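structure25.cif (mmCIF, C-alpha atoms and all ligand atoms)
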```cif
data_entry
#
loop_
_atom_site.label_atom_id
_atom_site.label_comp_id
_atom_site.auth_asym_id
_atom_site.auth_seq_id
_atom_site.Cartn_x
_atom_site.Cartn_y
_atom_site.Cartn_z
CA MET H 1 -0.34 -7.83 3.34
CA LYS H 2 2.91 -6.03 4.12
CA ILE H 3 3.50 -2.76 2.29
CA PHE H 4 7.03 -1.99 1.11
CA LEU H 5 8.10 1.23 -0.59
CA ASP H 6 10.08 0.76 -3.81
CA THR H 7 12.49 3.67 -3.44
CA ALA H 8 15.73 4.89 -1.88
CA ASN H 9 14.41 8.44 -1.61
CA ILE H 10 14.72 9.63 2.00
CA PRO H 11 11.94 12.30 2.03
CA SER H 12 9.46 9.79 0.54
CA ILE H 13 10.46 7.12 3.06
CA LYS H 14 10.07 9.60 5.94
CA THR H 15 6.59 10.61 4.77
CA PHE H 16 5.22 7.09 4.92
CA VAL H 17 7.14 6.02 8.04
CA ASP H 18 5.46 8.93 9.84
CA MET H 19 2.05 7.65 8.69
CA GLY H 20 2.84 4.24 10.17
CA VAL H 21 1.98 2.38 6.96
CA LEU H 22 5.42 1.19 5.90
CA ASP H 23 6.67 -2.35 6.61
CA GLY H 24 9.87 -2.31 4.55
CA ILE H 25 11.84 -1.04 1.56
CA THR H 26 12.90 -2.46 -1.78
CA THR H 27 15.58 -0.89 -3.93
CA ASN H 28 17.35 -1.84 -7.13
CA PRO H 29 20.44 -0.41 -8.86
CA THR H 30 18.29 1.99 -10.91
CA LEU H 31 16.55 3.40 -7.82
CA ILE H 32 19.85 3.76 -5.92
CA ALA H 33 21.51 5.51 -8.89
CA LYS H 34 18.61 8.00 -9.07
CA GLU H 35 19.45 9.36 -5.60
CA ASN H 36 22.98 10.42 -6.64
CA ARG H 37 24.38 9.72 -3.15
CA GLU H 38 27.21 7.69 -1.65
CA PHE H 39 25.76 4.17 -1.33
CA THR H 40 26.70 3.18 2.24
CA GLU H 41 25.74 6.54 3.71
CA LEU H 42 22.36 6.40 1.94
CA VAL H 43 21.72 2.85 3.19
CA HIS H 44 22.55 3.83 6.78
CA GLU H 45 20.08 6.68 6.55
CA ILE H 46 17.37 4.31 5.28
CA LEU H 47 18.18 1.82 8.05
CA GLY H 48 17.83 4.59 10.63
CA LEU H 49 14.26 5.20 9.45
CA VAL H 50 12.95 1.72 8.68
CA PRO H 51 12.98 -1.10 11.25
CA GLY H 52 11.55 -3.63 8.75
CA PRO H 53 13.28 -5.45 5.86
CA VAL H 54 15.48 -3.28 3.60
CA ASN H 55 16.19 -4.97 0.25
CA LEU H 56 19.51 -4.21 -1.47
CA GLU H 57 20.61 -5.75 -4.75
CA VAL H 58 23.93 -7.35 -5.72
CA VAL H 59 25.52 -6.26 -9.01
CA SER H 60 27.92 -9.14 -9.78
CA GLN H 61 26.89 -11.64 -12.41
CA GLU H 62 28.80 -14.65 -11.08
CA SER H 63 27.67 -16.45 -7.93
CA ALA H 64 31.04 -15.99 -6.15
CA GLY H 65 30.79 -12.22 -6.57
CA MET H 66 27.11 -12.18 -5.53
CA ILE H 67 27.91 -14.20 -2.41
CA SER H 68 30.72 -11.87 -1.41
CA GLU H 69 28.58 -8.75 -2.11
CA GLY H 70 25.68 -10.38 -0.24
CA HIS H 71 27.84 -10.78 2.87
CA ASP H 72 29.04 -7.16 2.63
CA LEU H 73 25.47 -5.86 2.21
CA ALA H 74 24.12 -8.02 5.05
CA ALA H 75 26.84 -6.63 7.35
CA LEU H 76 25.24 -3.16 7.03
CA GLY H 77 22.31 -4.09 9.28
CA PRO H 78 20.31 -6.98 10.75
CA ASN H 79 17.26 -6.22 8.62
CA ILE H 80 19.02 -6.30 5.22
CA VAL H 81 17.60 -8.64 2.58
CA VAL H 82 19.97 -9.42 -0.31
CA LYS H 83 18.39 -9.32 -3.76
CA CYS H 84 19.86 -11.71 -6.35
CA PRO H 85 18.72 -11.90 -9.96
CA MET H 86 16.71 -14.87 -11.25
CA THR H 87 19.60 -16.50 -13.12
CA ALA H 88 21.43 -19.81 -12.65
CA GLU H 89 24.25 -17.90 -10.91
CA GLY H 90 21.72 -15.98 -8.82
CA LEU H 91 20.11 -19.23 -7.60
CA LYS H 92 23.53 -20.61 -6.63
CA ALA H 93 24.21 -17.45 -4.64
CA VAL H 94 20.79 -17.65 -2.93
CA ARG H 95 21.43 -21.24 -1.88
CA LYS H 96 24.78 -20.32 -0.30
CA LEU H 97 23.58 -17.08 1.32
CA HIS H 98 20.58 -18.95 2.75
CA ARG H 99 22.94 -21.53 4.27
CA ASP H 100 25.03 -18.69 5.68
CA GLY H 101 21.93 -17.33 7.45
CA ILE H 102 21.46 -14.30 5.17
CA LYS H 103 17.96 -13.35 4.01
CA THR H 104 17.48 -13.28 0.23
CA ASN H 105 15.01 -12.06 -2.37
CA VAL H 106 15.05 -13.40 -5.93
CA THR H 107 14.29 -10.51 -8.23
CA LEU H 108 13.25 -10.21 -11.89
CA ILE H 109 10.82 -13.15 -11.77
CA PHE H 110 8.49 -13.35 -14.77
CA SER H 111 7.07 -16.90 -14.60
CA PRO H 112 5.68 -19.39 -12.04
CA ASN H 113 8.53 -21.80 -12.88
CA GLN H 114 11.12 -19.19 -11.95
CA ALA H 115 9.29 -18.62 -8.67
CA LEU H 116 9.25 -22.37 -7.98
CA LEU H 117 13.03 -22.51 -8.46
CA ALA H 118 13.59 -19.47 -6.26
CA ALA H 119 11.68 -21.19 -3.44
CA LYS H 120 13.60 -24.44 -3.90
CA ALA H 121 16.91 -22.55 -3.72
CA GLY H 122 15.84 -21.21 -0.30
CA ALA H 123 14.82 -17.62 -1.07
CA ASP H 124 12.96 -15.76 1.69
CA TYR H 125 11.16 -13.63 -0.91
CA ALA H 126 10.32 -14.07 -4.61
CA SER H 127 9.66 -10.90 -6.59
CA PRO H 128 7.45 -11.29 -9.69
CA PHE H 129 7.43 -8.07 -11.76
CA ILE H 130 3.80 -7.70 -12.73
CA GLY H 131 3.88 -4.19 -14.25
CA ARG H 132 6.63 -5.15 -16.69
CA LEU H 133 4.60 -8.23 -17.68
CA ASP H 134 1.53 -6.02 -18.28
CA ASP H 135 3.74 -3.69 -20.37
CA ALA H 136 4.74 -6.68 -22.52
CA GLY H 137 1.09 -7.57 -23.18
CA HIS H 138 0.69 -10.30 -20.54
CA GLU H 139 -1.61 -10.40 -17.52
CA GLY H 140 0.97 -9.91 -14.76
CA MET H 141 -1.38 -10.62 -11.86
CA LYS H 142 -2.14 -14.09 -13.26
CA ILE H 143 1.30 -15.35 -12.24
CA ILE H 144 0.79 -14.08 -8.68
CA GLU H 145 -2.24 -16.34 -8.38
CA GLU H 146 -0.28 -19.27 -9.85
CA ILE H 147 2.79 -18.76 -7.66
CA LEU H 148 0.69 -18.47 -4.47
CA SER H 149 -1.11 -21.69 -5.34
CA ILE H 150 2.18 -23.53 -6.08
CA TYR H 151 3.74 -22.34 -2.82
CA ARG H 152 0.62 -23.37 -0.91
CA ASN H 153 0.59 -26.85 -2.53
CA TYR H 154 4.06 -27.64 -1.23
CA GLY H 155 4.24 -25.56 1.93
CA PHE H 156 7.07 -23.30 0.74
CA GLU H 157 7.83 -20.55 3.23
CA THR H 158 9.07 -18.15 0.53
CA ARG H 159 7.02 -14.92 0.62
CA VAL H 160 5.50 -13.64 -2.61
CA LEU H 161 6.58 -10.00 -2.97
CA VAL H 162 4.54 -8.41 -5.75
CA ALA H 163 6.85 -5.97 -7.53
CA SER H 164 6.70 -3.53 -10.43
CA ILE H 165 3.33 -2.26 -9.23
CA ARG H 166 2.00 0.57 -11.38
CA HIS H 167 -1.28 1.68 -9.77
CA PRO H 168 -3.56 1.17 -6.74
CA VAL H 169 -5.68 -1.47 -8.52
CA HIS H 170 -2.61 -3.72 -8.63
CA VAL H 171 -2.39 -3.37 -4.84
CA VAL H 172 -6.03 -4.35 -4.31
CA GLN H 173 -5.63 -7.33 -6.64
CA ALA H 174 -2.48 -8.49 -4.83
CA ALA H 175 -4.21 -8.18 -1.44
CA LYS H 176 -7.31 -10.07 -2.65
CA LEU H 177 -5.11 -12.91 -3.88
CA GLY H 178 -3.38 -13.09 -0.49
CA ALA H 179 0.11 -11.98 -1.60
CA HIS H 180 2.46 -11.61 1.36
CA VAL H 181 4.01 -8.27 0.32
CA ALA H 182 3.38 -5.55 -2.26
CA THR H 183 6.14 -3.10 -3.06
CA MET H 184 5.19 0.12 -4.77
CA PRO H 185 6.59 3.49 -5.80
CA PRO H 186 5.71 6.48 -3.56
CA ASP H 187 3.17 7.87 -6.06
CA VAL H 188 1.08 4.68 -5.87
CA LEU H 189 1.07 4.71 -2.06
CA ASP H 190 0.15 8.39 -2.18
CA LYS H 191 -2.81 7.61 -4.47
CA MET H 192 -3.95 4.93 -2.01
CA VAL H 193 -4.23 7.55 0.73
CA LYS H 194 -6.41 9.87 -1.32
CA HIS H 195 -10.05 9.82 -2.39
CA PRO H 196 -11.92 12.84 -3.86
CA LEU H 197 -14.96 12.12 -1.65
CA THR H 198 -12.73 12.34 1.43
CA ASP H 199 -11.59 15.82 0.35
CA ILE H 200 -15.15 16.96 -0.44
CA GLY H 201 -16.45 15.54 2.85
CA LEU H 202 -13.70 17.15 4.89
CA LYS H 203 -14.23 20.54 3.28
CA ARG H 204 -17.95 20.40 4.05
CA PHE H 205 -17.35 19.45 7.72
CA LEU H 206 -14.87 22.30 8.21
CA ASP H 207 -17.05 24.88 6.42
CA ASP H 208 -20.06 23.95 8.60
CA TRP H 209 -17.93 24.11 11.77
CA GLN H 210 -16.60 27.53 10.87
CA ARG H 211 -20.05 28.90 9.92
CA ALA H 212 -21.41 27.81 13.31
CA GLY H 213 -18.51 29.62 15.09
CA LEU H 214 -17.77 26.59 17.31
CA LYS H 215 -14.58 26.04 19.36
CA LEU H 216 -12.84 22.84 20.57
CA PRO H 217 -11.87 22.62 24.29
CA GLN H 218 -8.40 24.01 25.04
CA GLY H 219 -5.75 22.66 27.43
CA ARG H 220 -3.96 19.36 28.09
CA PRO H 221 -5.83 16.07 28.66
CA SER H 222 -5.96 14.74 32.24
CA SER H 223 -4.22 11.62 33.61
CA HIS H 224 -6.81 9.14 32.23
CA MET H 225 -5.38 9.79 28.72
CA LYS H 226 -1.80 8.62 29.15
CA PRO H 227 -0.05 7.87 25.80
CA LYS H 228 0.23 4.17 24.93
CA PRO H 229 3.75 2.70 24.71
CA LEU H 230 5.00 2.24 21.13
CA VAL H 231 4.75 -1.34 19.87
CA GLN H 232 7.62 -2.58 17.72
CA ARG H 233 6.47 -4.03 14.40
CA ALA H 234 7.31 -7.67 13.66
C1 LIG Q 1 11.28 -4.46 -7.01
O1 LIG Q 1 12.01 -4.81 -6.09
C2 LIG Q 1 11.72 -3.60 -8.11
O2 LIG Q 1 12.62 -2.63 -7.60
C3 LIG Q 1 10.61 -2.82 -8.76
O3 LIG Q 1 9.35 -3.16 -8.28
C4 LIG Q 1 10.74 -2.63 -10.23
O4 LIG Q 1 9.65 -1.92 -10.71
P1 LIG Q 1 9.61 -1.18 -12.14
O5 LIG Q 1 9.18 -2.19 -13.15
O6 LIG Q 1 8.59 -0.11 -11.95
O7 LIG Q 1 10.99 -0.65 -12.39
#
```
Mind converting the file's structure to structure tokens?
Amino acid sequence: MKIFLDTANIPSIKTFVDMGVLDGITTNPTLIAKENREFTELVHEILGLVPGPVNLEVVSQESAGMISEGHDLAALGPNIVVKCPMTAEGLKAVRKLHRDGIKTNVTLIFSPNQALLAAKAGADYASPFIGRLDDAGHEGMKIIEEILSIYRNYGFETRVLVASIRHPVHVVQAAKLGAHVATMPPDVLDKMVKHPLTDIGLKRFLDDWQRAGLKLPQGRPSSHMKPKPLVQRA
């Protein structure tokens, strides 16, 4: 499962890029507004850090406006994915952008039927918002299972991008179901890194090492330890 970070915050993006765990970025107008920065400059900074898909959302409500915004956003970089809302106008825009060779993500999906329509319109990604469904008293993860099974039945190539993730258990559930992508806020990814037993175990190892007064070898490794060339992620 690909891991995307649901943020436009540069320090958070850097943190997880450096760990090598990030496959892409999702944003939405709320997340962009939070950063209080000039939009294009912010996007260029994100693109400089992330080689994978960077999702940016249109703000028009009519398909003509979405199509025009989609072209402008896609021109910012080869890895831009244009997010269109799950509305009749949004589907029209997705169909046209798909035909124009621009990658799209249908956002604000809350039912399997909406996901079916997004796939038929030619979306590259469908984003069901599971946390917001949970908040409304539904079982959000249920529709992930249903959408994956519908897509499998008919061989749709649309990727299921599990969005509105609230905690690490959502991530495990999405991975067990075989979702293609999970996008999550930085605090969830941070919680996935940590485990109290890791901290306790590490402290004990270091205390024992120090008590024994041991030292690691010093100096550079010899020629048999040449660094491996960096492999570009797909
Ligand atoms: C996905 O692309 C959305 O930006 C996001 O997951 C929304 O999550 P929220 O419900 O936490 O705002």
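In this structure, CA of Asn28 (chain H) sits 6.0 Å away from atom C2 of ligand LIG 1 (chain Q).
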Box centre and edge lengths (Å, one decimal), axis-aligned, ligand LIG 1 (chain Q) plus 8 Å each side, as AutoDock Vina command-line options:
```
--center_x 10.6 --center_y -2.5 --center_z -9.6 --size_x 20.0 --size_y 20.7 --size_z 23.1
```
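Shortest atom-to-atom contact with ligand LIG 1 (chain Q) among H:Leu116, H:Val160, H:Ile46, H:Leu22: H:Val160, counting all atoms listed in the file.
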Site check for ligand LIG 1 (chain Q): residues at most 7 Å away, only C-alpha atoms and all ligand atoms, as a list in words: Asp6, Thr26, Thr27, Asn28, Thr107, Ser127, Phe129, Gly131, Arg132, Ala163, Ser164, Ile165, Arg166, Thr183 and Met184 of chain H
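Take the candidates H:His167, H:Asp23, H:Asp207, H:Ala74 and check each one against Ile3 (chain H) using all atoms listed in the file; the shortest distance goes to H:Asp23.
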Taking the point (9.2, -18.2, -1.3) as given in the file, collect each protein or nucleic acid residue that comes within 12 Å of it, counting only C-alpha atoms, and present the set as a short mmCIF file (atom, residue, chain, number, x, y, z; two decimals) with C-alpha atoms, in the frame of the given file.
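Done, and the output landed in result38.cif:
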```cif
data_model
loop_
_atom_site.label_atom_id
_atom_site.label_comp_id
_atom_site.auth_asym_id
_atom_site.auth_seq_id
_atom_site.Cartn_x
_atom_site.Cartn_y
_atom_site.Cartn_z
CA VAL H 94 20.79 -17.65 -2.93
CA LYS H 103 17.96 -13.35 4.01
CA THR H 104 17.48 -13.28 0.23
CA ASN H 105 15.01 -12.06 -2.37
CA VAL H 106 15.05 -13.40 -5.93
CA THR H 107 14.29 -10.51 -8.23
CA ILE H 109 10.82 -13.15 -11.77
CA PRO H 112 5.68 -19.39 -12.04
CA GLN H 114 11.12 -19.19 -11.95
CA ALA H 115 9.29 -18.62 -8.67
CA LEU H 116 9.25 -22.37 -7.98
CA LEU H 117 13.03 -22.51 -8.46
CA ALA H 118 13.59 -19.47 -6.26
CA ALA H 119 11.68 -21.19 -3.44
CA LYS H 120 13.60 -24.44 -3.90
CA ALA H 121 16.91 -22.55 -3.72
CA GLY H 122 15.84 -21.21 -0.30
CA ALA H 123 14.82 -17.62 -1.07
CA ASP H 124 12.96 -15.76 1.69
CA TYR H 125 11.16 -13.63 -0.91
CA ALA H 126 10.32 -14.07 -4.61
CA SER H 127 9.66 -10.90 -6.59
CA PRO H 128 7.45 -11.29 -9.69
CA ILE H 144 0.79 -14.08 -8.68
CA ILE H 147 2.79 -18.76 -7.66
CA LEU H 148 0.69 -18.47 -4.47
CA SER H 149 -1.11 -21.69 -5.34
CA ILE H 150 2.18 -23.53 -6.08
CA TYR H 151 3.74 -22.34 -2.82
CA ARG H 152 0.62 -23.37 -0.91
CA TYR H 154 4.06 -27.64 -1.23
CA GLY H 155 4.24 -25.56 1.93
CA PHE H 156 7.07 -23.30 0.74
CA GLU H 157 7.83 -20.55 3.23
CA THR H 158 9.07 -18.15 0.53
CA ARG H 159 7.02 -14.92 0.62
CA VAL H 160 5.50 -13.64 -2.61
CA LEU H 161 6.58 -10.00 -2.97
CA VAL H 162 4.54 -8.41 -5.75
CA ALA H 179 0.11 -11.98 -1.60
CA HIS H 180 2.46 -11.61 1.36
CA VAL H 181 4.01 -8.27 0.32
#
```
Atom pair CA of Trp209 (chain H) / CA of Pro196 (chain H): separation (Å):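 Going from CA of Trp209 (chain H) over to CA of Pro196 (chain H) covers 20.2 Å.
Minimum atom-to-atom distance to Leu49 (chain H), evaluated using all atoms listed in the file, belongs to H:Ile13 out of H:Leu133, H:Met66, H:Val172, H:Ile13.
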Best match for closeness to Thr7 (chain H) among H:Glu139, H:Glu145, H:Glu35, H:Glu57, counting all atoms listed in the file: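 Of the candidates, the smallest distance to Thr7 (chain H) is held by H:Glu35.
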